[in-house]
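Text of input10.cif, listed as mmCIF, C-alpha atoms:
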data_protein
loop_
_atom_site.group_PDB
_atom_site.id
_atom_site.type_symbol
_atom_site.label_atom_id
_atom_site.label_comp_id
_atom_site.auth_asym_id
_atom_site.auth_seq_id
_atom_site.Cartn_x
_atom_site.Cartn_y
_atom_site.Cartn_z
ATOM 1 C CA VAL A 60 81.473 67.000 103.801
ATOM 2 C CA SER A 61 81.357 66.614 100.024
ATOM 3 C CA THR A 62 84.472 67.090 97.949
ATOM 4 C CA HIS A 63 85.132 67.968 94.319
ATOM 5 C CA SER A 64 87.649 66.503 91.886
ATOM 6 C CA THR A 65 90.673 68.103 93.574
ATOM 7 C CA GLY A 66 89.908 66.316 96.829
ATOM 8 C CA ILE A 67 89.389 69.647 98.610
ATOM 9 C CA PRO A 68 86.183 69.931 100.675
ATOM 10 C CA GLU A 69 83.657 72.186 98.956
ATOM 11 C CA ALA A 70 83.070 73.966 102.283
ATOM 12 C CA THR A 71 86.710 75.129 102.456
ATOM 13 C CA VAL A 72 86.906 78.755 103.576
ATOM 14 C CA TYR A 73 89.506 80.962 101.894
ATOM 15 C CA ALA A 74 90.805 84.398 102.852
ATOM 16 C CA GLY A 75 90.993 87.400 100.554
ATOM 17 C CA GLN A 76 92.787 90.697 101.114
ATOM 18 C CA VAL A 77 92.559 94.054 99.331
ATOM 19 C CA PHE A 78 95.468 96.498 99.534
ATOM 20 C CA TYR A 79 96.747 99.520 97.645
ATOM 21 C CA GLN A 80 100.023 101.108 96.632
ATOM 22 C CA ARG A 81 100.478 104.644 95.387
ATOM 23 C CA GLU A 82 102.527 105.481 92.326
ATOM 24 C CA GLU A 83 103.230 108.797 90.652
ATOM 25 C CA ARG A 84 100.290 108.702 88.257
ATOM 26 C CA ARG A 85 98.030 106.010 89.623
ATOM 27 C CA ASP A 86 97.016 103.860 92.539
ATOM 28 C CA LEU A 87 97.470 100.109 92.268
ATOM 29 C CA MET A 88 94.889 97.851 93.878
ATOM 30 C CA ARG A 89 95.664 94.217 94.504
ATOM 31 C CA PHE A 90 93.199 91.545 95.524
ATOM 32 C CA THR A 91 94.950 88.417 96.710
ATOM 33 C CA ALA A 92 93.755 85.165 98.249
ATOM 34 C CA ALA A 93 95.094 82.257 100.300
ATOM 35 C CA ARG A 94 94.051 79.554 102.724
ATOM 36 C CA ASP A 95 95.706 81.305 105.692
ATOM 37 C CA LEU A 96 95.057 85.029 106.205
ATOM 38 C CA ASN A 97 97.957 85.434 108.651
ATOM 39 C CA ALA A 98 100.429 83.951 106.180
ATOM 40 C CA LEU A 99 98.996 86.199 103.473
ATOM 41 C CA LEU A 100 99.367 89.344 105.607
ATOM 42 C CA GLN A 101 102.926 88.421 106.542
ATOM 43 C CA TYR A 102 103.797 88.019 102.872
ATOM 44 C CA ILE A 103 102.286 91.401 101.942
ATOM 45 C CA GLU A 104 104.070 93.252 104.749
ATOM 46 C CA LYS A 105 107.385 91.663 103.777
ATOM 47 C CA LYS A 106 107.067 92.010 100.005
ATOM 48 C CA TYR A 107 105.543 95.483 99.521
ATOM 49 C CA SER A 108 106.709 98.875 100.739
ATOM 50 C CA TYR A 109 104.049 100.690 102.781
ATOM 51 C CA PRO A 110 101.007 98.728 101.580
ATOM 52 C CA GLU A 111 97.719 100.470 102.354
ATOM 53 C CA MET A 112 95.655 97.631 103.763
ATOM 54 C CA ASP A 113 91.925 97.549 103.132
ATOM 55 C CA GLN A 114 89.228 95.007 103.878
ATOM 56 C CA SER A 115 89.955 91.317 104.346
ATOM 57 C CA ILE A 116 87.210 88.829 103.506
ATOM 58 C CA SER A 117 86.464 85.133 103.832
ATOM 59 C CA PHE A 118 84.713 83.195 101.090
ATOM 60 C CA LYS A 119 83.757 79.753 99.823
ATOM 61 C CA LEU A 120 83.953 78.882 96.136
ATOM 62 C CA THR A 121 81.081 77.500 94.101
ATOM 63 C CA SER A 122 81.233 74.600 91.657
ATOM 64 C CA PRO A 123 82.072 73.840 88.916
ATOM 65 C CA LYS A 124 84.626 76.506 87.895
ATOM 66 C CA ARG A 125 86.127 76.930 91.355
ATOM 67 C CA CYS A 126 87.463 80.445 90.909
ATOM 68 C CA ILE A 127 86.765 83.893 92.319
ATOM 69 C CA LYS A 128 86.250 86.575 89.680
ATOM 70 C CA LEU A 129 86.196 90.375 89.952
ATOM 71 C CA LYS A 130 83.538 91.902 87.680
ATOM 72 C CA PHE A 131 84.035 95.432 86.366
ATOM 73 C CA ASP A 132 80.921 95.743 84.198
ATOM 74 C CA GLU A 133 78.378 96.605 86.889
ATOM 75 C CA GLN A 134 76.410 99.844 86.576
ATOM 76 C CA GLN A 135 77.747 102.161 89.264
ATOM 77 C CA THR A 136 75.404 103.913 91.698
ATOM 78 C CA GLU A 137 77.977 106.533 92.749
ATOM 79 C CA PRO A 138 79.466 109.136 90.364
ATOM 80 C CA THR A 139 82.831 108.197 88.850
ATOM 81 C CA THR A 140 83.508 111.275 86.689
ATOM 82 C CA GLY A 141 87.219 111.705 86.018
ATOM 83 C CA TRP A 142 88.250 108.238 87.212
ATOM 84 C CA ARG A 143 89.430 105.198 85.220
ATOM 85 C CA ILE A 144 89.520 101.670 86.636
ATOM 86 C CA LYS A 145 91.642 99.296 84.550
ATOM 87 C CA PRO A 146 92.118 95.639 85.510
ATOM 88 C CA HIS A 147 95.320 94.186 84.100
ATOM 89 C CA LEU A 148 93.781 90.860 83.076
ATOM 90 C CA ASP A 149 90.499 89.819 81.505
ATOM 91 C CA PRO A 150 88.959 87.800 83.016
ATOM 92 C CA CYS A 151 90.222 89.196 86.313
ATOM 93 C CA GLN A 152 90.103 86.059 88.430
ATOM 94 C CA ILE A 153 91.947 83.742 90.803
ATOM 95 C CA LYS A 154 91.556 79.975 90.424
ATOM 96 C CA GLU A 155 91.344 77.591 93.347
ATOM 97 C CA HIS A 156 94.449 75.628 92.386
ATOM 98 C CA GLU A 157 96.403 78.919 92.413
ATOM 99 C CA ILE A 158 95.200 79.623 95.957
ATOM 100 C CA LEU A 159 96.167 76.131 97.080
ATOM 101 C CA CYS A 160 99.691 76.438 95.681
ATOM 102 C CA PHE A 161 100.634 79.337 97.954
ATOM 103 C CA GLY A 162 102.495 78.052 100.967
ATOM 104 C CA ASP A 163 103.443 74.650 99.602
ATOM 105 C CA ASN A 164 106.711 73.721 97.930
ATOM 106 C CA SER A 165 105.589 74.771 94.444
ATOM 107 C CA THR A 166 105.306 78.529 94.988
ATOM 108 C CA ALA A 167 105.920 81.150 97.631
ATOM 109 C CA VAL A 168 103.878 83.835 95.863
ATOM 110 C CA PRO A 169 100.114 84.166 96.402
ATOM 111 C CA PRO A 170 97.899 84.754 93.347
ATOM 112 C CA PHE A 171 96.506 88.246 92.904
ATOM 113 C CA CYS A 172 94.393 90.433 90.647
ATOM 114 C CA LEU A 173 96.020 93.763 89.748
ATOM 115 C CA VAL A 174 93.967 96.895 89.006
ATOM 116 C CA SER A 175 95.188 100.387 88.041
ATOM 117 C CA ILE A 176 93.199 103.399 89.257
ATOM 118 C CA TYR A 177 93.663 106.737 87.501
ATOM 119 C CA ALA A 178 92.225 110.165 88.327
ATOM 120 C CA GLU A 179 92.152 113.001 85.794
ATOM 121 C CA ASN A 180 93.767 116.272 86.805
ATOM 122 C CA SER A 181 90.503 118.136 86.258
ATOM 123 C CA PRO A 182 88.163 120.299 88.348
ATOM 124 C CA HIS A 183 85.330 117.997 87.219
ATOM 125 C CA THR A 184 86.825 114.855 88.796
ATOM 126 C CA VAL A 185 84.733 113.711 91.754
ATOM 127 C CA PRO A 186 86.794 114.114 94.949
ATOM 128 C CA ASN A 187 86.047 110.659 96.366
ATOM 129 C CA LEU A 188 85.683 107.510 94.294
ATOM 130 C CA SER A 189 83.386 104.744 95.511
ATOM 131 C CA TYR A 190 83.479 101.983 92.895
ATOM 132 C CA SER A 191 81.662 98.687 93.343
ATOM 133 C CA VAL A 192 83.243 95.421 92.136
ATOM 134 C CA PRO A 193 81.011 92.326 92.532
ATOM 135 C CA LEU A 194 82.690 89.006 93.277
ATOM 136 C CA LYS A 195 81.498 86.033 91.239
ATOM 137 C CA GLY A 196 82.089 82.362 91.927
ATOM 138 C CA VAL A 197 81.543 82.652 95.689
ATOM 139 C CA GLN A 198 78.716 81.128 97.699
ATOM 140 C CA GLU A 199 77.655 84.365 99.403
ATOM 141 C CA GLN A 200 77.138 87.509 97.347
ATOM 142 C CA MET A 201 79.650 90.218 98.156
ATOM 143 C CA LYS A 202 81.376 93.193 96.572
ATOM 144 C CA ILE A 203 84.696 94.961 96.883
ATOM 145 C CA ILE A 204 84.223 98.714 97.189
ATOM 146 C CA ILE A 205 87.181 100.681 95.844
ATOM 147 C CA ASN A 206 87.332 103.855 97.945
ATOM 148 C CA ARG A 207 89.951 106.357 96.784
ATOM 149 C CA PRO A 208 90.286 110.055 97.590
ATOM 150 C CA LEU A 209 91.471 112.476 94.932
ATOM 151 C CA ARG A 210 95.069 113.394 95.645
ATOM 152 C CA ASN A 211 95.961 116.992 96.403
ATOM 153 C CA MET A 212 97.347 118.688 93.324
ATOM 154 C CA SER A 213 100.643 120.497 93.525
ATOM 155 C CA LEU A 214 100.826 124.249 92.977
ATOM 156 C CA SER A 215 102.209 123.725 89.474
ATOM 157 C CA ASP A 216 99.281 121.411 88.670
ATOM 158 C CA SER A 217 96.689 123.939 89.817
ATOM 159 C CA VAL A 218 98.372 126.701 87.825
ATOM 160 C CA ASN A 219 98.488 124.528 84.709
ATOM 161 C CA ILE A 220 94.699 124.028 84.770
ATOM 162 C CA ASN A 221 94.211 127.677 83.846
ATOM 163 C CA ARG A 222 97.257 127.980 81.636
ATOM 164 C CA PRO A 223 97.049 127.238 77.905
ATOM 165 C CA PRO A 224 99.269 124.306 76.956
ATOM 166 C CA PRO A 225 102.620 125.168 75.372
ATOM 167 C CA SER A 226 102.722 124.853 71.635
ATOM 168 C CA ALA A 227 104.173 121.519 70.599
ATOM 169 C CA PRO A 228 106.294 120.832 67.559
ATOM 170 C CA SER A 229 103.878 119.935 64.806
ATOM 171 C CA LEU A 230 104.006 116.731 62.842
ATOM 172 C CA PRO A 231 104.663 116.940 59.125
ATOM 173 C CA THR A 232 101.603 117.925 57.133
ATOM 174 C CA PRO A 233 99.925 115.491 54.742
ATOM 175 C CA ASN A 234 101.753 117.241 51.907
ATOM 176 C CA SER A 235 105.102 116.350 53.506
ATOM 177 C CA THR A 236 104.822 112.607 54.015
ATOM 178 C CA ILE A 237 106.714 111.063 56.931
ATOM 179 C CA ARG A 238 109.647 108.990 55.735
ATOM 180 C CA SER A 239 109.625 105.587 57.374
ATOM 181 C CA ASP A 240 113.404 105.126 57.131
ATOM 182 C CA ILE A 241 114.090 108.364 59.033
ATOM 183 C CA ALA A 242 111.377 107.681 61.612
ATOM 184 C CA HIS A 243 112.666 104.129 62.144
ATOM 185 C CA SER A 244 116.233 105.378 62.586
ATOM 186 C CA ILE A 245 115.159 107.981 65.159
ATOM 187 C CA MET A 246 113.134 105.468 67.160
ATOM 188 C CA THR A 247 116.084 103.051 67.167
ATOM 189 C CA GLU A 248 118.432 105.817 68.303
ATOM 190 C CA CYS A 249 116.059 106.830 71.129
ATOM 191 C CA THR A 250 115.239 103.342 72.398
ATOM 192 C CA SER A 251 116.799 103.930 75.817
ATOM 193 C CA LEU A 252 114.939 107.242 76.207
ATOM 194 C CA ILE A 253 111.651 105.525 75.372
ATOM 195 C CA LYS A 254 112.291 102.794 77.947
ATOM 196 C CA ASP A 255 113.079 105.394 80.629
ATOM 197 C CA CYS A 256 110.250 107.856 79.909
ATOM 198 C CA GLY A 257 107.907 106.248 82.447
ATOM 199 C CA ILE A 258 104.933 105.695 80.147
ATOM 200 C CA ASP A 259 102.402 103.288 81.634
ATOM 201 C CA ILE A 260 102.755 100.047 79.687
ATOM 202 C CA ASN A 261 99.091 99.098 79.953
ATOM 203 C CA PHE A 262 98.072 102.562 78.711
ATOM 204 C CA LEU A 263 100.477 102.182 75.781
ATOM 205 C CA VAL A 264 99.142 98.720 74.910
ATOM 206 C CA ASP A 265 95.543 99.962 75.034
ATOM 207 C CA LYS A 266 96.379 102.867 72.729
ATOM 208 C CA LEU A 267 98.206 100.625 70.273
ATOM 209 C CA LEU A 268 95.167 98.340 70.259
ATOM 210 C CA GLU A 269 92.894 101.339 69.660
ATOM 211 C CA HIS A 270 94.964 102.298 66.594
ATOM 212 C CA LYS A 271 95.137 98.661 65.380
ATOM 213 C CA ILE A 272 98.920 98.542 65.753
ATOM 214 C CA VAL A 273 98.386 95.444 67.880
ATOM 215 C CA ASN A 274 95.381 93.139 67.986
ATOM 216 C CA SER A 275 93.657 91.466 70.936
ATOM 217 C CA ARG A 276 95.729 88.294 70.638
ATOM 218 C CA GLU A 277 98.985 90.261 70.700
ATOM 219 C CA LYS A 278 97.714 92.260 73.677
ATOM 220 C CA ARG A 279 97.053 89.051 75.624
ATOM 221 C CA LYS A 280 100.538 87.759 74.821
ATOM 222 C CA LEU A 281 102.091 91.060 75.875
ATOM 223 C CA THR A 282 100.256 91.311 79.189
ATOM 224 C CA ALA A 283 101.178 87.694 79.973
ATOM 225 C CA ARG A 284 104.894 88.480 79.921
ATOM 226 C CA GLU A 285 106.440 88.383 83.374
ATOM 227 C CA THR A 286 108.348 91.677 83.597
ATOM 228 C CA ASN A 287 107.764 95.214 82.369
ATOM 229 C CA ASP A 288 111.169 95.109 80.648
ATOM 230 C CA ASP A 289 110.053 92.111 78.591
ATOM 231 C CA LYS A 290 106.781 93.851 77.732
ATOM 232 C CA MET A 291 108.531 97.057 76.671
ATOM 233 C CA ASP A 292 111.081 95.193 74.539
ATOM 234 C CA GLU A 293 108.293 93.413 72.682
ATOM 235 C CA LEU A 294 106.279 96.639 72.325
ATOM 236 C CA LEU A 295 109.265 98.469 70.842
ATOM 237 C CA HIS A 296 109.830 95.611 68.397
ATOM 238 C CA ILE A 297 106.190 95.853 67.271
ATOM 239 C CA ILE A 298 106.279 99.670 67.017
ATOM 240 C CA LEU A 299 109.544 99.707 65.064
ATOM 241 C CA SER A 300 108.407 97.042 62.614
ATOM 242 C CA SER A 301 105.090 98.871 62.202
ATOM 243 C CA ILE A 302 106.888 102.151 61.442
ATOM 244 C CA ARG A 303 108.996 100.405 58.817
ATOM 245 C CA MET A 304 105.782 99.241 57.109
ATOM 246 C CA ASN A 305 103.654 102.349 57.751
ATOM 247 C CA ALA A 306 105.380 105.617 58.652
ATOM 248 C CA LYS A 307 102.250 107.183 60.157
ATOM 249 C CA VAL A 308 102.757 104.923 63.202
ATOM 250 C CA PHE A 309 105.602 107.286 64.147
ATOM 251 C CA GLY A 310 103.115 110.152 64.437
ATOM 252 C CA ILE A 311 100.646 107.961 66.335
ATOM 253 C CA PHE A 312 103.336 107.050 68.868
ATOM 254 C CA ILE A 313 104.195 110.716 69.399
ATOM 255 C CA ASP A 314 100.506 111.493 69.963
ATOM 256 C CA ILE A 315 100.318 108.683 72.545
ATOM 257 C CA LEU A 316 103.310 110.145 74.396
ATOM 258 C CA ARG A 317 101.582 113.532 74.533
ATOM 259 C CA GLU A 318 98.339 111.944 75.698
ATOM 260 C CA GLU A 319 100.175 110.269 78.596
ATOM 261 C CA ASP A 320 100.767 113.895 79.650
ATOM 262 C CA THR A 321 103.792 113.785 81.932
ATOM 263 C CA LEU A 322 106.801 116.073 81.702
ATOM 264 C CA ARG A 323 108.940 113.106 80.632
ATOM 265 C CA THR A 324 106.670 111.780 77.891
ATOM 266 C CA ILE A 325 105.984 115.260 76.510
ATOM 267 C CA ALA A 326 109.729 116.004 76.462
ATOM 268 C CA LEU A 327 110.352 112.717 74.663
ATOM 269 C CA ALA A 328 107.663 113.520 72.082
ATOM 270 C CA ASP A 329 109.344 116.886 71.457
ATOM 271 C CA THR A 330 112.750 115.210 71.161
ATOM 272 C CA LEU A 331 111.526 112.685 68.593
ATOM 273 C CA MET A 332 109.883 115.406 66.533
ATOM 274 C CA ASP A 333 112.913 117.710 66.714
ATOM 275 C CA LYS A 334 115.190 114.907 65.549
ATOM 276 C CA TYR A 335 112.865 114.196 62.633
ATOM 277 C CA LYS A 336 113.019 117.842 61.560
ATOM 278 C CA GLU A 337 116.824 118.046 61.719
#

Full structure transcribed into structure tokens:
Amino acid sequence: VSTHSTGIPEATVYAGQVFYQREERRDLMRFTAARDLNALLQYIEKKYSYPEMDQSISFKLTSPKRCIKLKFDEQQTEPTTGWRIKPHLDPCQIKEHEILCFGDNSTAVPPFCLVSIYAENSPHTVPNLSYSVPLKGVQEQMKIIINRPLRNMSLSDSVNINRPPPSAPSLPTPNSTIRSDIAHSIMTECTSLIKDCGIDINFLVDKLLEHKIVNSREKRKLTARETNDDKMDELLHIILSSIRMNAKVFGIFIDILREEDTLRTIALADTLMDKYKE
């Protein structure tokens, strides 16, 4: 059997596992891989609360890159109206040396690819998502199919579809320019509220990138941080420094909170605006 530079036989068969976890506003999909499927399953059952297990696969890697990559750019054959699929890393991949490390003395954590799945609270959202994710870097062609049902909406959700949204405190008009010193002071005062509002960090980063408050390099550095607390601390530092230099960032941040569209983020947006008007 031929080997490559790592000394591992090229015919080595690896195991992959897909599983899901439900959160308040999204489903999280994880694809993880290891040499031993049983060890991988034991880790998942021990580490995660109520994991929803999906398909397990076996695969062999191709040379020379020796990694398995999830591709999210394929044209979908099934309707996906109302759904958003957002991988947390680009490229979304697991390298062979990361697979080999799990189970030895260097690490007790298997590598994984993390994907957020969002469904709009809309009558137009398709009730069942079937989303195809091709796997690259493997000897046999295969795809992961993300199958997710639309969650049942609560009574308050169904009522809100037909109810006009409550009027929100308006931002200052162009003729009444936002003062950066006041906006900066309010954001500093409300730091703990911002951290506790539950806004999805990846959504916030994407929106800041869209408004050029961060660039692609800063986004990569942010997403590479280990904990959400570290990410939020760095995001708040960037937002506060941006407000000091350009006060309109305060209004952009409030708009992002409203777009996140939870009771907590909307209440926080109202609080920030009310404090500005005091």

Can you spell out as a PyMOL selection string the set of residues that the PyMOL selection byres ((chain A and resi 323) around 12) selects in the structure I just provided? chain A and resi 252-259+316-322+324-330

File dump, residues just selected, C-alpha atoms, as a PDB file, in the frame of the given file:
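Result file follows (out.pdb):
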ATOM      1  CA  LEU A 252     114.939 107.242  76.207  1.00  0.00           C
ATOM      2  CA  ILE A 253     111.651 105.525  75.372  1.00  0.00           C
ATOM      3  CA  LYS A 254     112.291 102.794  77.947  1.00  0.00           C
ATOM      4  CA  ASP A 255     113.079 105.394  80.629  1.00  0.00           C
ATOM      5  CA  CYS A 256     110.250 107.856  79.909  1.00  0.00           C
ATOM      6  CA  GLY A 257     107.907 106.248  82.447  1.00  0.00           C
ATOM      7  CA  ILE A 258     104.933 105.695  80.147  1.00  0.00           C
ATOM      8  CA  ASP A 259     102.402 103.288  81.634  1.00  0.00           C
ATOM      9  CA  LEU A 316     103.310 110.145  74.396  1.00  0.00           C
ATOM     10  CA  ARG A 317     101.582 113.532  74.533  1.00  0.00           C
ATOM     11  CA  GLU A 318      98.339 111.944  75.698  1.00  0.00           C
ATOM     12  CA  GLU A 319     100.175 110.269  78.596  1.00  0.00           C
ATOM     13  CA  ASP A 320     100.767 113.895  79.650  1.00  0.00           C
ATOM     14  CA  THR A 321     103.792 113.785  81.932  1.00  0.00           C
ATOM     15  CA  LEU A 322     106.801 116.073  81.702  1.00  0.00           C
ATOM     16  CA  THR A 324     106.670 111.780  77.891  1.00  0.00           C
ATOM     17  CA  ILE A 325     105.984 115.260  76.510  1.00  0.00           C
ATOM     18  CA  ALA A 326     109.729 116.004  76.462  1.00  0.00           C
ATOM     19  CA  LEU A 327     110.352 112.717  74.663  1.00  0.00           C
ATOM     20  CA  ALA A 328     107.663 113.520  72.082  1.00  0.00           C
ATOM     21  CA  ASP A 329     109.344 116.886  71.457  1.00  0.00           C
ATOM     22  CA  THR A 330     112.750 115.210  71.161  1.00  0.00           C
TER      23      THR A 330
END

If the PyMOL selection byres ((chain A and resi 175) around 9) is run on the structure shown, which residues does it catch, given as a PyMOL selection string? chain A and resi 85-89+143-147+173-174+176-177

Let me see the file: selected residues, C-alpha atoms, as an mmCIF file, in the frame of the given file.
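Generated file (result19.cif):
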data_model
loop_
_atom_site.group_PDB
_atom_site.id
_atom_site.type_symbol
_atom_site.label_atom_id
_atom_site.label_comp_id
_atom_site.auth_asym_id
_atom_site.auth_seq_id
_atom_site.Cartn_x
_atom_site.Cartn_y
_atom_site.Cartn_z
ATOM 1 C CA ARG A 85 98.030 106.010 89.623
ATOM 2 C CA ASP A 86 97.016 103.860 92.539
ATOM 3 C CA LEU A 87 97.470 100.109 92.268
ATOM 4 C CA MET A 88 94.889 97.851 93.878
ATOM 5 C CA ARG A 89 95.664 94.217 94.504
ATOM 6 C CA ARG A 143 89.430 105.198 85.220
ATOM 7 C CA ILE A 144 89.520 101.670 86.636
ATOM 8 C CA LYS A 145 91.642 99.296 84.550
ATOM 9 C CA PRO A 146 92.118 95.639 85.510
ATOM 10 C CA HIS A 147 95.320 94.186 84.100
ATOM 11 C CA LEU A 173 96.020 93.763 89.748
ATOM 12 C CA VAL A 174 93.967 96.895 89.006
ATOM 13 C CA ILE A 176 93.199 103.399 89.257
ATOM 14 C CA TYR A 177 93.663 106.737 87.501
#

Find, counting all atoms listed in the file, the residue in A:Lys280, A:Arg207, A:Lys307, A:Lys290 that gets nearest to Asp240 of chain A.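 Once distances to Asp240 of chain A are computed over all atoms listed in the file, the minimum belongs to A:Lys307.
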
Polymer residues at most 10 Å from Leu188 of chain A, all atoms listed in the file, same-chain spacing of 6 or more positions, as a count of residues only: 14

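Counting all atoms listed in the file and comparing A:Ile245, A:Arg94, A:Thr121, A:Ile237, the residue that lies closest to Pro170 of chain A is A:Arg94.
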
Tell me, as a ChimeraX atom specification, which residues lie within 8 Å of Leu129 of chain A, counting all atoms listed in the file; anything in the same chain fewer than 6 positions away does not count. /A:150-152,192-195

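For the residues A:Met246, A:Val197, A:Asp149, A:Glu111, ranking by smallest atom-to-atom distance to Pro123 of chain A using all atoms listed in the file places A:Val197 first.
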
Any chance you could resolve the PyMOL selection byres ((chain A and resi 107) around 12) against this file and give the residues as a PyMOL selection string? chain A and resi 78-81+87+89+100-106+108-112

Could you dump the residues just selected with C-alpha atoms as a PDB file, keeping the file's coordinate frame?
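out.pdb written:
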ATOM      1  CA  PHE A  78      95.468  96.498  99.534  1.00  0.00           C
ATOM      2  CA  TYR A  79      96.747  99.520  97.645  1.00  0.00           C
ATOM      3  CA  GLN A  80     100.023 101.108  96.632  1.00  0.00           C
ATOM      4  CA  ARG A  81     100.478 104.644  95.387  1.00  0.00           C
ATOM      5  CA  LEU A  87      97.470 100.109  92.268  1.00  0.00           C
ATOM      6  CA  ARG A  89      95.664  94.217  94.504  1.00  0.00           C
ATOM      7  CA  LEU A 100      99.367  89.344 105.607  1.00  0.00           C
ATOM      8  CA  GLN A 101     102.926  88.421 106.542  1.00  0.00           C
ATOM      9  CA  TYR A 102     103.797  88.019 102.872  1.00  0.00           C
ATOM     10  CA  ILE A 103     102.286  91.401 101.942  1.00  0.00           C
ATOM     11  CA  GLU A 104     104.070  93.252 104.749  1.00  0.00           C
ATOM     12  CA  LYS A 105     107.385  91.663 103.777  1.00  0.00           C
ATOM     13  CA  LYS A 106     107.067  92.010 100.005  1.00  0.00           C
ATOM     14  CA  SER A 108     106.709  98.875 100.739  1.00  0.00           C
ATOM     15  CA  TYR A 109     104.049 100.690 102.781  1.00  0.00           C
ATOM     16  CA  PRO A 110     101.007  98.728 101.580  1.00  0.00           C
ATOM     17  CA  GLU A 111      97.719 100.470 102.354  1.00  0.00           C
ATOM     18  CA  MET A 112      95.655  97.631 103.763  1.00  0.00           C
TER      19      MET A 112
END

Protein, DNA and RNA residues within 9 Å of (107.6, 82.4, 101.8), all atoms listed in the file, as a list in words: Ala98, Gln101, Tyr102, Phe161, Gly162, Thr166, Ala167 and Val168 of chain A

Dump of C-alpha atoms for the selected residues, as a PDB file, in the frame of the given file:
ATOM      1  CA  ALA A  98     100.429  83.951 106.180  1.00  0.00           C
ATOM      2  CA  GLN A 101     102.926  88.421 106.542  1.00  0.00           C
ATOM      3  CA  TYR A 102     103.797  88.019 102.872  1.00  0.00           C
ATOM      4  CA  PHE A 161     100.634  79.337  97.954  1.00  0.00           C
ATOM      5  CA  GLY A 162     102.495  78.052 100.967  1.00  0.00           C
ATOM      6  CA  THR A 166     105.306  78.529  94.988  1.00  0.00           C
ATOM      7  CA  ALA A 167     105.920  81.150  97.631  1.00  0.00           C
ATOM      8  CA  VAL A 168     103.878  83.835  95.863  1.00  0.00           C
TER       9      VAL A 168
END

I'd like to know which of A:Ala283, A:Met201, A:Met291, A:Ile311 is closest to Thr250 of chain A, using all atoms listed in the file. A:Met291

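Between atom CA of Lys128 of chain A and atom CA of Lys154 of chain A the interatomic distance comes to 8.5 Å.
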
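Of the listed residues A:Glu155, A:Asn261, A:Phe171, A:Gln135, the one whose atoms come nearest to Ser189 of chain A is A:Gln135, with distances taken using all atoms listed in the file.
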
Pick the closest to Arg279 of chain A from A:Cys160, A:Leu148, A:Leu331, A:Leu295: which is it, counting only C-alpha atoms?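 When distances to Arg279 of chain A are compared using only C-alpha atoms, the smallest one comes from A:Leu148.
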
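With atom CA of Gly75 of chain A on one side and atom CA of Phe90 of chain A on the other, the separation reads 6.9 Å.
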
Using Å and a single decimal, report how far atom CA of Asp333 of chain A sits from atom CA of Ile298 of chain A.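 Going from atom CA of Ile298 of chain A over to atom CA of Asp333 of chain A covers 19.2 Å.
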
Near Ser275 of chain A, counting all atoms listed in the file, which residues have an atom at most 12 Å away, once you skip same-chain residues fewer than 6 positions from it, shown as a PyMOL selection string? chain A and resi 149+264-269+281-282

Generate the missing atoms of segment 117-128 of chain A up to N, CA and C atoms and report them as a PDB file, in the coordinates of the input.
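Everything below was put into part09.pdb:
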ATOM      1  N   SER A 117      86.423  86.594 103.910  1.00  0.00           N
ATOM      2  CA  SER A 117      86.464  85.133 103.832  1.00  0.00           C
ATOM      3  C   SER A 117      85.385  84.693 102.852  1.00  0.00           C
ATOM      4  N   PHE A 118      85.662  83.624 102.117  1.00  0.00           N
ATOM      5  CA  PHE A 118      84.713  83.195 101.090  1.00  0.00           C
ATOM      6  C   PHE A 118      84.849  81.699 100.831  1.00  0.00           C
ATOM      7  N   LYS A 119      83.774  81.130 100.300  1.00  0.00           N
ATOM      8  CA  LYS A 119      83.757  79.753  99.823  1.00  0.00           C
ATOM      9  C   LYS A 119      83.458  79.776  98.330  1.00  0.00           C
ATOM     10  N   LEU A 120      84.135  78.927  97.583  1.00  0.00           N
ATOM     11  CA  LEU A 120      83.953  78.882  96.136  1.00  0.00           C
ATOM     12  C   LEU A 120      82.779  77.990  95.761  1.00  0.00           C
ATOM     13  N   THR A 121      82.171  78.320  94.627  1.00  0.00           N
ATOM     14  CA  THR A 121      81.081  77.500  94.101  1.00  0.00           C
ATOM     15  C   THR A 121      81.608  76.583  93.007  1.00  0.00           C
ATOM     16  N   SER A 122      80.904  75.509  92.762  1.00  0.00           N
ATOM     17  CA  SER A 122      81.233  74.600  91.657  1.00  0.00           C
ATOM     18  C   SER A 122      80.522  75.121  90.402  1.00  0.00           C
ATOM     19  N   PRO A 123      80.975  74.769  89.189  1.00  0.00           N
ATOM     20  CA  PRO A 123      82.072  73.840  88.916  1.00  0.00           C
ATOM     21  C   PRO A 123      83.402  74.534  88.624  1.00  0.00           C
ATOM     22  N   LYS A 124      83.410  75.855  88.385  1.00  0.00           N
ATOM     23  CA  LYS A 124      84.626  76.506  87.895  1.00  0.00           C
ATOM     24  C   LYS A 124      85.665  76.707  88.986  1.00  0.00           C
ATOM     25  N   ARG A 125      85.226  76.818  90.229  1.00  0.00           N
ATOM     26  CA  ARG A 125      86.127  76.930  91.355  1.00  0.00           C
ATOM     27  C   ARG A 125      87.129  78.066  91.182  1.00  0.00           C
ATOM     28  N   CYS A 126      86.613  79.260  90.975  1.00  0.00           N
ATOM     29  CA  CYS A 126      87.463  80.445  90.909  1.00  0.00           C
ATOM     30  C   CYS A 126      86.674  81.640  91.420  1.00  0.00           C
ATOM     31  N   ILE A 127      87.384  82.646  91.894  1.00  0.00           N
ATOM     32  CA  ILE A 127      86.765  83.893  92.319  1.00  0.00           C
ATOM     33  C   ILE A 127      87.105  84.949  91.278  1.00  0.00           C
ATOM     34  N   LYS A 128      86.085  85.639  90.799  1.00  0.00           N
ATOM     35  CA  LYS A 128      86.250  86.575  89.680  1.00  0.00           C
ATOM     36  C   LYS A 128      85.775  87.964  90.089  1.00  0.00           C
TER      37      LYS A 128
END
